[in-house]
Each structure stands twice: as structure tokens, then as C-alpha cells.
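protein-v2.cif (mmCIF, C-alpha atoms and all ligand atoms) appears below.
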```
data_run
loop_
_atom_site.label_atom_id
_atom_site.label_comp_id
_atom_site.auth_asym_id
_atom_site.auth_seq_id
_atom_site.Cartn_x
_atom_site.Cartn_y
_atom_site.Cartn_z
CA MET B 1 37.06 -26.14 -5.44
CA SER B 2 37.30 -22.44 -4.65
CA SER B 3 38.86 -22.86 -1.14
CA ALA B 4 36.70 -20.00 0.12
CA VAL B 5 35.68 -20.24 3.77
CA LEU B 6 32.20 -19.57 5.18
CA GLY B 7 31.94 -18.21 8.73
CA ILE B 8 28.95 -18.08 11.06
CA GLU B 9 28.70 -15.60 13.94
CA SER B 10 25.96 -15.90 16.58
CA THR B 11 27.54 -15.12 19.97
CA ALA B 12 25.08 -12.38 21.01
CA HIS B 13 22.47 -10.24 19.23
CA THR B 14 23.89 -10.54 15.71
CA ALA B 15 23.49 -13.49 13.35
CA GLY B 16 26.13 -13.00 10.70
CA VAL B 17 27.40 -15.10 7.81
CA GLY B 18 30.37 -14.19 5.66
CA ILE B 19 32.57 -15.74 2.97
CA VAL B 20 36.23 -14.89 2.33
CA SER B 21 38.64 -16.06 -0.34
CA PRO B 22 42.07 -17.41 0.72
CA GLU B 23 43.57 -14.10 -0.47
CA GLY B 24 41.39 -12.28 2.05
CA LYS B 25 38.85 -10.96 -0.44
CA ILE B 26 35.43 -10.52 1.16
CA LEU B 27 33.04 -12.37 -1.13
CA ALA B 28 29.92 -11.91 0.99
CA ASP B 29 28.88 -10.35 4.30
CA ARG B 30 25.31 -10.50 5.58
CA LYS B 31 23.90 -10.00 9.03
CA ALA B 32 20.62 -9.73 10.90
CA THR B 33 20.51 -8.20 14.37
CA PHE B 34 18.04 -8.98 17.11
CA THR B 35 16.59 -5.86 18.72
CA PRO B 36 15.09 -6.39 22.16
CA PRO B 37 11.59 -5.02 22.83
CA GLU B 38 11.60 -1.40 24.02
CA GLY B 39 12.91 -0.94 27.54
CA SER B 40 14.44 -4.38 28.00
CA GLY B 41 17.86 -5.96 27.51
CA ILE B 42 18.81 -8.96 25.39
CA HIS B 43 17.12 -12.19 26.43
CA PRO B 44 19.39 -15.03 25.27
CA ARG B 45 16.57 -17.34 24.26
CA GLU B 46 14.73 -14.65 22.28
CA ALA B 47 17.95 -13.72 20.50
CA ALA B 48 18.57 -17.41 19.74
CA GLN B 49 15.09 -17.75 18.25
CA HIS B 50 15.84 -14.76 16.06
CA HIS B 51 19.06 -16.45 14.86
CA VAL B 52 17.26 -19.75 14.17
CA ALA B 53 14.89 -17.90 11.87
CA ALA B 54 17.60 -15.78 10.24
CA LEU B 55 20.52 -18.15 9.65
CA PRO B 56 19.19 -20.43 6.85
CA GLY B 57 18.33 -17.40 4.69
CA LEU B 58 21.65 -15.70 5.44
CA VAL B 59 23.58 -18.84 4.43
CA ARG B 60 21.60 -19.07 1.18
CA ASP B 61 22.16 -15.37 0.47
CA VAL B 62 25.93 -15.34 1.02
CA LEU B 63 26.41 -18.37 -1.21
CA ALA B 64 24.40 -16.57 -3.90
CA ASP B 65 26.39 -13.33 -3.36
CA ALA B 66 29.67 -15.23 -3.70
CA GLN B 67 28.29 -17.35 -6.57
CA LEU B 68 29.41 -20.52 -4.87
CA ALA B 69 27.84 -23.92 -4.34
CA PRO B 70 28.24 -25.21 -0.77
CA ASP B 71 30.51 -28.08 -1.82
CA GLU B 72 32.95 -25.57 -3.31
CA LEU B 73 33.78 -24.33 0.21
CA ALA B 74 37.03 -25.39 1.89
CA LEU B 75 35.77 -24.99 5.46
CA VAL B 76 32.82 -23.99 7.60
CA ALA B 77 33.88 -21.93 10.64
CA TYR B 78 31.68 -20.74 13.47
CA ALA B 79 32.17 -18.81 16.71
CA ARG B 80 32.27 -21.37 19.54
CA GLY B 81 32.51 -18.70 22.25
CA PRO B 82 32.54 -16.65 24.34
CA GLY B 83 28.90 -15.70 24.21
CA LEU B 84 25.33 -16.49 25.21
CA GLY B 85 24.71 -20.27 25.37
CA PRO B 86 21.46 -20.48 23.38
CA CYS B 87 22.80 -18.12 20.72
CA LEU B 88 26.07 -20.03 20.37
CA ARG B 89 24.20 -23.30 19.96
CA THR B 90 22.11 -22.01 17.04
CA GLY B 91 25.22 -20.92 15.13
CA ALA B 92 26.99 -24.20 15.87
CA THR B 93 23.96 -26.19 14.74
CA ALA B 94 23.70 -24.26 11.48
CA ALA B 95 27.44 -24.70 10.85
CA ARG B 96 27.31 -28.40 11.65
CA ALA B 97 24.31 -28.99 9.36
CA LEU B 98 26.02 -27.20 6.47
CA ALA B 99 29.37 -28.92 6.98
CA HIS B 100 27.99 -32.43 7.47
CA THR B 101 25.54 -32.21 4.56
CA HIS B 102 28.32 -31.30 2.16
CA GLY B 103 31.23 -33.24 3.69
CA LEU B 104 33.15 -30.09 4.65
CA PRO B 105 35.55 -29.66 7.58
CA LEU B 106 34.09 -27.78 10.55
CA LEU B 107 36.01 -25.52 12.93
CA GLY B 108 34.79 -23.58 15.97
CA VAL B 109 36.88 -20.46 16.62
CA ASN B 110 37.26 -17.84 19.34
CA HIS B 111 35.11 -14.75 18.78
CA CYS B 112 37.53 -12.28 20.40
CA VAL B 113 40.52 -13.61 18.47
CA ALA B 114 38.46 -13.16 15.28
CA HIS B 115 38.07 -9.43 16.09
CA LEU B 116 41.88 -9.24 16.33
CA GLU B 117 42.73 -11.32 13.25
CA ILE B 118 40.40 -9.30 11.01
CA GLY B 119 42.83 -6.43 11.65
CA LEU B 120 45.45 -8.45 9.77
CA LEU B 121 43.21 -8.22 6.73
CA GLU B 122 43.54 -4.42 7.08
CA GLY B 123 47.33 -4.66 7.01
CA ALA B 124 48.32 -5.16 10.65
CA THR B 125 50.81 -7.96 11.39
CA ASP B 126 51.12 -8.26 15.18
CA PRO B 127 48.76 -5.75 16.76
CA VAL B 128 47.34 -4.91 20.13
CA LEU B 129 43.54 -5.13 19.84
CA LEU B 130 41.34 -2.64 21.67
CA TYR B 131 38.11 -4.61 21.70
CA LEU B 132 35.14 -2.55 22.84
CA SER B 133 31.74 -4.14 22.40
CA GLY B 134 28.49 -4.61 24.29
CA GLY B 135 29.56 -7.48 26.51
CA ASN B 136 33.32 -7.47 26.00
CA THR B 137 35.94 -4.87 26.87
CA GLN B 138 39.46 -6.23 26.48
CA VAL B 139 42.94 -5.30 25.39
CA ILE B 140 44.45 -8.32 23.65
CA GLY B 141 47.72 -9.21 21.98
CA TYR B 142 49.80 -12.19 20.93
CA ALA B 143 52.64 -13.26 23.22
CA HIS B 144 54.44 -16.57 23.73
CA GLY B 145 52.13 -18.93 21.90
CA ARG B 146 48.82 -17.46 23.00
CA TYR B 147 46.59 -14.45 22.64
CA ARG B 148 46.90 -12.74 26.02
CA VAL B 149 44.37 -10.51 27.70
CA PHE B 150 46.48 -7.59 28.91
CA GLY B 151 43.60 -5.73 30.45
CA GLU B 152 39.84 -5.89 30.65
CA THR B 153 36.76 -4.60 32.38
CA LEU B 154 36.29 -5.73 35.96
CA ASP B 155 32.52 -5.29 35.80
CA ILE B 156 30.30 -4.47 32.80
CA GLY B 157 31.27 -4.08 29.14
CA ILE B 158 31.71 -0.52 27.88
CA GLY B 159 28.87 -0.89 25.33
CA ASN B 160 26.66 -2.34 28.02
CA MET B 161 27.33 0.73 30.14
CA LEU B 162 26.35 3.04 27.23
CA ASP B 163 23.22 1.00 26.50
CA LYS B 164 22.16 0.87 30.16
CA PHE B 165 22.60 4.60 30.57
CA GLY B 166 20.66 5.15 27.35
CA ARG B 167 17.82 2.92 28.48
CA GLU B 168 17.53 4.67 31.86
CA VAL B 169 17.33 8.10 30.24
CA GLY B 170 14.76 6.99 27.67
CA LEU B 171 16.87 6.35 24.55
CA GLU B 172 16.16 3.42 22.27
CA PHE B 173 18.52 0.42 22.12
CA PRO B 174 21.38 0.58 21.32
CA GLY B 175 22.24 3.66 23.35
CA GLY B 176 25.86 3.99 22.14
CA PRO B 177 25.18 5.63 18.76
CA LYS B 178 22.44 7.85 20.22
CA LEU B 179 24.76 9.15 22.91
CA GLU B 180 27.40 9.78 20.27
CA ALA B 181 24.94 11.93 18.32
CA LEU B 182 23.90 13.84 21.46
CA ALA B 183 27.35 14.42 22.96
CA ALA B 184 28.30 18.10 23.07
CA GLY B 185 31.32 19.66 24.79
CA PRO B 186 33.55 21.31 25.53
CA GLU B 187 32.71 21.59 29.22
CA LEU B 188 33.84 18.32 30.83
CA GLU B 189 31.75 17.23 33.79
CA PRO B 190 33.91 15.05 36.08
CA LEU B 191 32.87 11.36 36.32
CA PRO B 192 34.62 8.44 38.07
CA TYR B 193 37.70 7.46 36.05
CA SER B 194 38.48 3.91 37.02
CA VAL B 195 41.67 2.28 35.73
CA LYS B 196 43.25 -0.26 38.07
CA GLY B 197 46.56 -1.48 36.73
CA MET B 198 45.61 -2.77 33.30
CA ASP B 199 41.93 -3.18 34.12
CA MET B 200 38.93 -0.88 33.91
CA ALA B 201 35.58 -0.56 35.66
CA PHE B 202 32.48 1.20 34.31
CA SER B 203 29.68 0.68 36.82
CA GLY B 204 30.78 3.57 39.09
CA LEU B 205 30.77 5.89 36.08
CA LEU B 206 27.28 4.65 35.13
CA THR B 207 25.88 5.22 38.62
CA ALA B 208 27.38 8.71 38.86
CA ALA B 209 26.11 9.71 35.42
CA LEU B 210 22.60 8.49 36.26
CA ARG B 211 22.66 10.46 39.51
CA LYS B 212 23.63 13.63 37.66
CA PHE B 213 20.85 13.02 35.14
CA ALA B 214 18.34 12.62 37.98
CA ASP B 215 19.64 15.92 39.39
CA GLY B 216 18.74 17.64 36.12
CA MET B 217 21.98 17.80 34.13
CA GLU B 218 21.48 18.08 30.34
CA LEU B 219 21.82 14.84 28.42
CA SER B 220 24.18 16.31 25.81
CA ARG B 221 26.67 17.34 28.49
CA LEU B 222 26.46 13.97 30.22
CA ALA B 223 26.82 12.04 26.96
CA TYR B 224 29.96 14.06 26.26
CA ALA B 225 31.39 13.36 29.72
CA ILE B 226 30.61 9.64 29.53
CA GLN B 227 32.34 9.30 26.15
CA GLU B 228 35.38 11.36 27.10
CA THR B 229 35.88 9.51 30.38
CA ALA B 230 35.18 5.93 29.28
CA PHE B 231 37.13 6.21 26.02
CA ALA B 232 40.10 7.82 27.77
CA MET B 233 40.19 4.85 30.17
CA ALA B 234 40.18 2.36 27.29
CA CYS B 235 42.86 4.29 25.38
CA GLU B 236 45.05 4.53 28.49
CA VAL B 237 45.06 0.75 28.94
CA ALA B 238 45.68 0.20 25.23
CA GLU B 239 48.57 2.67 25.34
CA ARG B 240 50.15 0.91 28.30
CA ALA B 241 49.81 -2.46 26.52
CA LEU B 242 51.60 -0.97 23.50
CA ALA B 243 54.33 0.46 25.74
CA HIS B 244 54.89 -2.81 27.63
CA THR B 245 54.84 -5.13 24.62
CA GLY B 246 56.70 -2.84 22.24
CA LYS B 247 54.11 -3.61 19.57
CA THR B 248 53.70 -0.93 16.92
CA GLU B 249 50.15 -1.55 15.72
CA LEU B 250 46.74 -0.95 17.26
CA VAL B 251 43.55 -2.51 15.88
CA LEU B 252 40.11 -1.31 16.93
CA GLY B 253 37.24 -3.78 17.17
CA GLY B 254 33.74 -4.21 18.59
CA GLY B 255 30.61 -2.14 18.07
CA VAL B 256 31.82 0.77 20.23
CA ALA B 257 34.79 1.10 17.86
CA CYS B 258 32.29 2.52 15.32
CA ASN B 259 32.31 5.69 17.45
CA ALA B 260 34.03 8.63 15.71
CA ARG B 261 35.27 10.18 18.98
CA LEU B 262 36.81 6.88 20.11
CA ARG B 263 38.54 6.53 16.72
CA GLU B 264 39.84 10.09 17.01
CA MET B 265 41.22 9.49 20.51
CA ALA B 266 42.88 6.23 19.44
CA LYS B 267 44.40 7.95 16.40
CA THR B 268 45.78 10.79 18.55
CA MET B 269 47.30 8.37 21.05
CA THR B 270 48.89 6.16 18.39
CA ARG B 271 50.20 9.12 16.39
CA GLU B 272 51.98 10.42 19.47
CA ARG B 273 53.60 7.00 19.99
CA ASP B 274 54.43 6.41 16.34
CA VAL B 275 52.11 3.42 16.29
CA ALA B 276 49.95 2.48 13.27
CA CYS B 277 46.22 2.56 13.96
CA PHE B 278 43.88 0.25 12.06
CA ALA B 279 40.20 1.05 12.31
CA PRO B 280 38.31 -1.52 10.21
CA SER B 281 35.06 -0.50 8.50
CA LYS B 282 32.01 -0.41 10.76
CA ALA B 283 30.72 -3.58 9.07
CA LEU B 284 33.86 -5.40 10.27
CA CYS B 285 33.99 -3.78 13.75
CA VAL B 286 30.55 -5.03 14.76
CA ASP B 287 29.98 -8.76 15.09
CA ASN B 288 30.14 -10.34 11.63
CA GLY B 289 30.58 -13.66 9.86
CA VAL B 290 33.52 -12.45 7.75
CA MET B 291 35.91 -12.30 10.71
CA ILE B 292 34.90 -15.83 11.74
CA ALA B 293 35.50 -17.08 8.20
CA TRP B 294 38.85 -15.27 8.04
CA LEU B 295 40.10 -16.70 11.35
CA GLY B 296 38.97 -20.16 10.18
CA HIS B 297 40.98 -19.67 7.00
CA VAL B 298 44.05 -18.38 8.86
CA MET B 299 43.98 -21.37 11.22
CA GLN B 300 43.45 -23.90 8.41
CA ALA B 301 46.14 -22.34 6.21
CA GLY B 302 48.51 -22.21 9.20
CA GLY B 303 48.23 -25.99 9.62
CA TYR B 304 45.95 -26.00 12.66
CA GLU B 305 44.74 -29.54 13.32
CA ILE B 306 41.04 -29.68 14.10
CA GLN B 307 40.36 -31.29 17.48
CA SER B 308 37.23 -32.74 19.03
CA GLN B 309 36.55 -29.67 21.20
CA ASP B 310 36.45 -27.51 18.09
CA ASP B 311 32.93 -28.81 17.52
CA ARG B 312 31.67 -27.81 20.96
CA VAL B 313 30.43 -24.40 22.05
CA ASP B 314 31.96 -22.84 25.16
CA GLN B 315 30.23 -19.84 26.74
CA ARG B 316 33.42 -19.01 28.67
CA PHE B 317 35.93 -19.62 25.88
CA ARG B 318 38.61 -17.22 27.09
CA THR B 319 40.90 -15.54 24.60
CA ASP B 320 43.98 -17.05 26.26
CA MET B 321 42.63 -20.62 26.44
CA ALA B 322 43.56 -21.65 22.94
CA GLU B 323 47.14 -22.51 22.11
CA VAL B 324 48.01 -20.63 18.94
CA THR B 325 49.71 -23.09 16.60
CA TRP B 326 48.92 -21.33 13.35
CA ARG B 327 51.11 -18.25 13.60
P1 LIG P 1 28.86 -5.52 19.53
O1 LIG P 1 28.55 -6.11 20.88
O2 LIG P 1 30.30 -5.57 19.18
O3 LIG P 1 27.98 -6.01 18.41
O4 LIG P 1 28.53 -3.96 19.65
C1 LIG P 1 27.32 -3.48 20.16
C2 LIG P 1 27.61 -2.32 21.05
O5 LIG P 1 28.22 -1.26 20.31
C3 LIG P 1 26.37 -1.72 21.69
O6 LIG P 1 26.61 -1.59 23.06
C4 LIG P 1 26.23 -0.34 21.02
O7 LIG P 1 25.68 0.63 21.85
C5 LIG P 1 27.67 -0.03 20.70
N1 LIG P 1 27.83 0.93 19.61
C6 LIG P 1 27.50 0.79 18.32
N2 LIG P 1 27.76 1.91 17.63
C7 LIG P 1 28.28 2.80 18.51
C8 LIG P 1 28.74 4.14 18.43
N3 LIG P 1 28.72 4.82 17.28
N4 LIG P 1 29.20 4.73 19.56
C9 LIG P 1 29.22 4.05 20.72
N5 LIG P 1 28.79 2.79 20.86
C10 LIG P 1 28.32 2.17 19.77
MG MG P 2 32.08 -8.96 19.25
#
```

Write out the structure in this file as C-alpha cells.
Amino acid sequence: MSSAVLGIESTAHTAGVGIVSPEGKILADRKATFTPPEGSGIHPREAAQHHVAALPGLVRDVLADAQLAPDELALVAYARGPGLGPCLRTGATAARALAHTHGLPLLGVNHCVAHLEIGLLEGATDPVLLYLSGGNTQVIGYAHGRYRVFGETLDIGIGNMLDKFGREVGLEFPGGPKLEALAAGPELEPLPYSVKGMDMAFSGLLTAALRKFADGMELSRLAYAIQETAFAMACEVAERALAHTGKTELVLGGGVACNARLREMAKTMTRERDVACFAPSKALCVDNGVMIAWLGHVMQAGGYEIQSQDDRVDQRFRTDMAEVTWR
């Protein structure tokens, strides 16, 4: 028995499978990402079909990478939500098949909490998570027995905003990295900056940027303005969460956290506050199976008792719904 944990991620466009040792050593990390046809967004059923085709091979490959037989695993974990229903169900089905075939315990975990807990593998102990992905934009931290959402987007996710802008101006999906490559300052074109209390909104910024593009403004200048404005909003909310909670660690997560300018802004803000900033590798910022496996391990090792709902997907599995008994 190796007590390694296998994790399956399938909440959106990425099918990922990872294996971690109880010491937090990453033994395997494989992923396959669904790319929507040119000009369209993600269709949940098409993404799910992609995952159905990808998952069996990914599971085989990670076991080979880690040189483990399935019955040497201590646990199979999967992301039970939040996410797209058809995608979640494919991951849950794969996890269930693997666990039941080999008599292994099965545990569905929260995807957003996994983005936070992977920061603990980087050395954080009790961080605020700035989670910036396609569909999710949240500032999360642990307080009084639960992971609390301190602030979040009131409309679309920050990555979604970048991708939608990119699509409208003729860039291939995903737009985020392409805009990063194009962005050129230093002249900062004003765009709507929308922070309301601890929450953010991005659709006004998107509309204004598209209008300026239609009026003939260069893409490089707009890309720069979008990044500066949207990332400053996210960093402002994260900074206020740090100030209110007194926490001294920030973890970055989600695909948008791969962005060098965002990382730079977060580092500047945390340095000024004497806060440690943990920016996991890009492979661990994007959706991945390793973080699911790691959260499964942390919960199991912390004495979490598996309940019946842990084998049920939940599209709207909010970060603050689960009582945290394992910390
Ligand atoms: P996720 O939903 O966490 O898998 O992340 C996907 C999102 O991350 C998409 O919206 C991408 O456009 C965005 N993304 C990935 N890399 C970058 C980058 N370098 N800069 C900005 N956004 C990015
Ligand atoms: Mg994610």
C-alpha cells in the first residue's frame, strides 16, 4: 500500500488526473483540454464528450508515471463541483468506476477549495486565495470552520471577460494569453473600474473596451488597459481581505494567475504589506488533477468522514457550503 491519492478534475474544459504522495510529492500530473471550435464558447456536452474520451487514457498514464497499481492507492478523489453538469458527471463516473473496481474509498471535493489547498503544498499555512479563472473569480479564506468567500465577481468571471473580448476582436481561444502577449503600455486608457465593497464586476469593462475597439483604438493599447484595470480590481479586493482577516499569506490560483503582469501586481501589493505571496507553477494554477488529489489526501489525513453526498456532483457547490472538519 503506497497511500498515494489519485485525483480527477473535470469541472470545465480540462480533464486532469494527478497522483500525490502523502508527503505532498507530485507523482504524476496529466491533463487534456477541450478547445471549442473557432468563434464559439464552451458547450458543456461537447466538453463532456471530450473528457469521456480522454479520462481512461489519462488514468492509465498517471498510474504508469507513478509506477503504481490501482489497488495500491489509498483514495480516489474527484471534483464534485462547482462546474458544468455534464463535465462533472464524466469525472465522477470515472472516479466511481476506478474506486469501485478496486475497492478504494471515494471522495468528492470542492474545486475552489482545491485551488486554495494546493497553495499549502507551496508552503502557505493559512492563506487568502485570489482565484482568477475562466468561470470563477473569488477571494477565499478560512474562517470559523469554513472556507469563506470574502469577495467575488457579480457578473462574469475575469477569464471569461478576457476570452470574450479576444473572441470579439478575432483572437483564438483562449484570449487571456494572447492579450497578455499583445499588451503594451505605458499609456493607460481609462476603462470602468468596478469594485463594490468586496465584489467586482467585469461586464462594463468588457463593453467599454469593445466600444473603443470598434472606434479604432489599437489592440495593444486596449489589451494593456484591460489587464491593468481588471487585475488592479482583483488585487484591491485581495488586499482588503488580507487587511480585514490579518492573514499574512496570499496564494494565486486559476488560469488567469498564469499571467506575468498579474503575478507582478500581486507581488508588489504583498511586498508593501509584508505578506508572503505564493504563485504556484502554471501547471498547478490551471485546473489539474493534482490539486484534487491533494485536497482528498488532506481531508482523509485530517480525519474527514466520508458522507453520502460526497459521491454526488453539485454544479453549485459553493466554497462556503462544506463544513471544514479536517483543519
Ligand atoms: P481555468 O478556468 O482556471 O482553467 O483558466 C482558464 C482561463 O485562464 C481562460 O479564461 C484563459 O484565457 C485564462 N488564462 C490562461 N493563461 C492566461 C494568461 N497568461 N493571462 C491571462 N489569462 C490567462
Ligand atoms: Mg479552476

Residues at most 8 Å from ligand LIG 1 (chain P), using only C-alpha atoms and all ligand atoms? Could they come as a ChimeraX atom specification? /B:12-14,132-136,158-163,173-180,253-260,262,285-287

CA of Glu46 (chain B) to CA of Ile19 (chain B): how many Å, to one decimal?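 Pair CA of Glu46 (chain B) / CA of Ile19 (chain B) returns 26.3 Å.
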
Considering only C-alpha atoms, state which residue in the set B:Ala183, B:Leu171, B:Val76, B:Ala238 is at the smallest distance from Gly197 (chain B).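 Smallest distance to Gly197 (chain B) is found for B:Ala238.
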
Between CA of Asn288 (chain B) and CA of Leu120 (chain B), what is the spacing in Å?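 CA of Asn288 (chain B) lies 15.5 Å from CA of Leu120 (chain B).
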
Could you check the closest approach to ligand MG 2 (chain P) for each of B:Ala181, B:Ala94, B:Ala53, B:Ile118 and tell me which residue wins, using all atoms listed in the file?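 Using all atoms listed in the file, ligand MG 2 (chain P) sits closest to B:Ile118.
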
Enclosing box along x, y and z for every listed atom of region 69-85 of chain B, padded 3 Å each side, centre and size in Å, one decimal, as JSON:
```
{"center_x": 30.9, "center_y": -21.9, "center_z": 10.5, "size_x": 18.3, "size_y": 18.4, "size_z": 35.7}
```

Separation of CA of Asp320 (chain B) from CA of Ile292 (chain B) in Å: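 These atoms are spaced 17.2 Å apart.
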
Would you tabulate, counting all atoms listed in the file, all residues of region 140-165 of chain B that have an atom at most 7 Å from an atom of region 203-219 of chain B, showing the closest pair of atoms and their distance in Å to one decimal, sorted by chain then ascending number, as a tab-separated table?
```
residue	atom	partner	partner_atom	distance
B:Asp155	CA	B:Ser203	CA	6.7
B:Ile156	CA	B:Ser203	CA	6.6
B:Met161	CA	B:Leu206	CA	6.3
B:Phe165	CA	B:Leu206	CA	6.5
```

Among the residues B:Pro82, B:Gly103, B:Pro190, B:Gly185, the one that comes closest to ligand MG 2 (chain P) [using all atoms listed in the file]: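 Ranked by minimum distance to ligand MG 2 (chain P), first place goes to B:Pro82.
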
Env of Gly302 (chain B): 12 Å cut, atoms = all atoms listed in the file, seq-sep filter 3 positions within chain, self excluded. Answer as a PyMOL selection string. chain B and resi 22+294-299+305-306+324-327

Determine, counting only C-alpha atoms, which protein, DNA and RNA residues have an atom within 9 Å of an atom of Gln49 (chain B); residues of the same chain fewer than 6 positions away are not included. Present the result as a list of chain:residue names.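 Close residues of Gln49 (chain B): B:Pro86, B:Cys87, B:Thr90.
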
With only C-alpha atoms as the atoms that count, which of B:Leu252, B:Ala69, B:Met265, B:Ala293 lies nearest to Val17 (chain B)?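 Between B:Leu252, B:Ala69, B:Met265, B:Ala293, the residue approaching Val17 (chain B) most closely is B:Ala293.
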
Considering only C-alpha atoms, can you say which of B:Val251, B:Ala322, B:Ala301, B:Leu191 comes closest to Ala124 (chain B)? B:Val251

Shortest interatomic distance to ligand MG 2 (chain P) - which of B:Leu116, B:Leu250, B:Ala279, B:Val237, counting all atoms listed in the file: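 For ligand MG 2 (chain P), the nearest of the candidates is B:Leu116.
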
Selection near Ala66 (chain B), 12 Å with all atoms listed in the file, sequence-local residues under 6 positions removed, as a PyMOL selection string: chain B and resi 2+4-6+17-21+25-30+59-60+72-73

Expected residue set, 12 Å radius at (45.6, 6.2, 31.9), all atoms listed in the file, as a PyMOL selection string: chain B and resi 193-200+229-241+269

Name all residues at most 10 Å from Tyr142 (chain B) (count only C-alpha atoms; drop same-chain ones fewer than 5 positions away) and give them as a list of chain:residue names.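 After dropping sequence-adjacent residues, the list is B:Val113, B:Leu116, B:Asp126, B:Pro127, B:Val128, B:Leu129, B:Tyr147, B:Arg148, B:Val149, B:Phe150, B:Thr245, B:Lys247, B:Asp320, B:Val324, B:Arg327.
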
Write out as a list of chain:residue names each polymer residue whose atoms come within 12 Å of Gln315 (chain B), counting all atoms listed in the file; drop sequence neighbours fewer than 5 positions from it.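 Near neighbours after the sequence-gap exclusion: B:Ser10, B:Thr11, B:Ala12, B:Pro44, B:Ala79, B:Arg80, B:Gly81, B:Pro82, B:Gly83, B:Leu84, B:Gly85, B:Pro86, B:Cys87, B:Leu88, B:Arg89, B:Asn110, B:His111.
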
Written selection (C-alpha atoms) as an mmCIF file, in the frame of the given file:
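Generated file (selection34.cif):
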```cif
data_model
loop_
_atom_site.group_PDB
_atom_site.id
_atom_site.type_symbol
_atom_site.label_atom_id
_atom_site.label_comp_id
_atom_site.auth_asym_id
_atom_site.auth_seq_id
_atom_site.Cartn_x
_atom_site.Cartn_y
_atom_site.Cartn_z
ATOM 1 C CA SER B 10 25.960 -15.900 16.580
ATOM 2 C CA THR B 11 27.540 -15.120 19.970
ATOM 3 C CA ALA B 12 25.080 -12.380 21.010
ATOM 4 C CA PRO B 44 19.390 -15.030 25.270
ATOM 5 C CA ALA B 79 32.170 -18.810 16.710
ATOM 6 C CA ARG B 80 32.270 -21.370 19.540
ATOM 7 C CA GLY B 81 32.510 -18.700 22.250
ATOM 8 C CA PRO B 82 32.540 -16.650 24.340
ATOM 9 C CA GLY B 83 28.900 -15.700 24.210
ATOM 10 C CA LEU B 84 25.330 -16.490 25.210
ATOM 11 C CA GLY B 85 24.710 -20.270 25.370
ATOM 12 C CA PRO B 86 21.460 -20.480 23.380
ATOM 13 C CA CYS B 87 22.800 -18.120 20.720
ATOM 14 C CA LEU B 88 26.070 -20.030 20.370
ATOM 15 C CA ARG B 89 24.200 -23.300 19.960
ATOM 16 C CA ASN B 110 37.260 -17.840 19.340
ATOM 17 C CA HIS B 111 35.110 -14.750 18.780
#
```
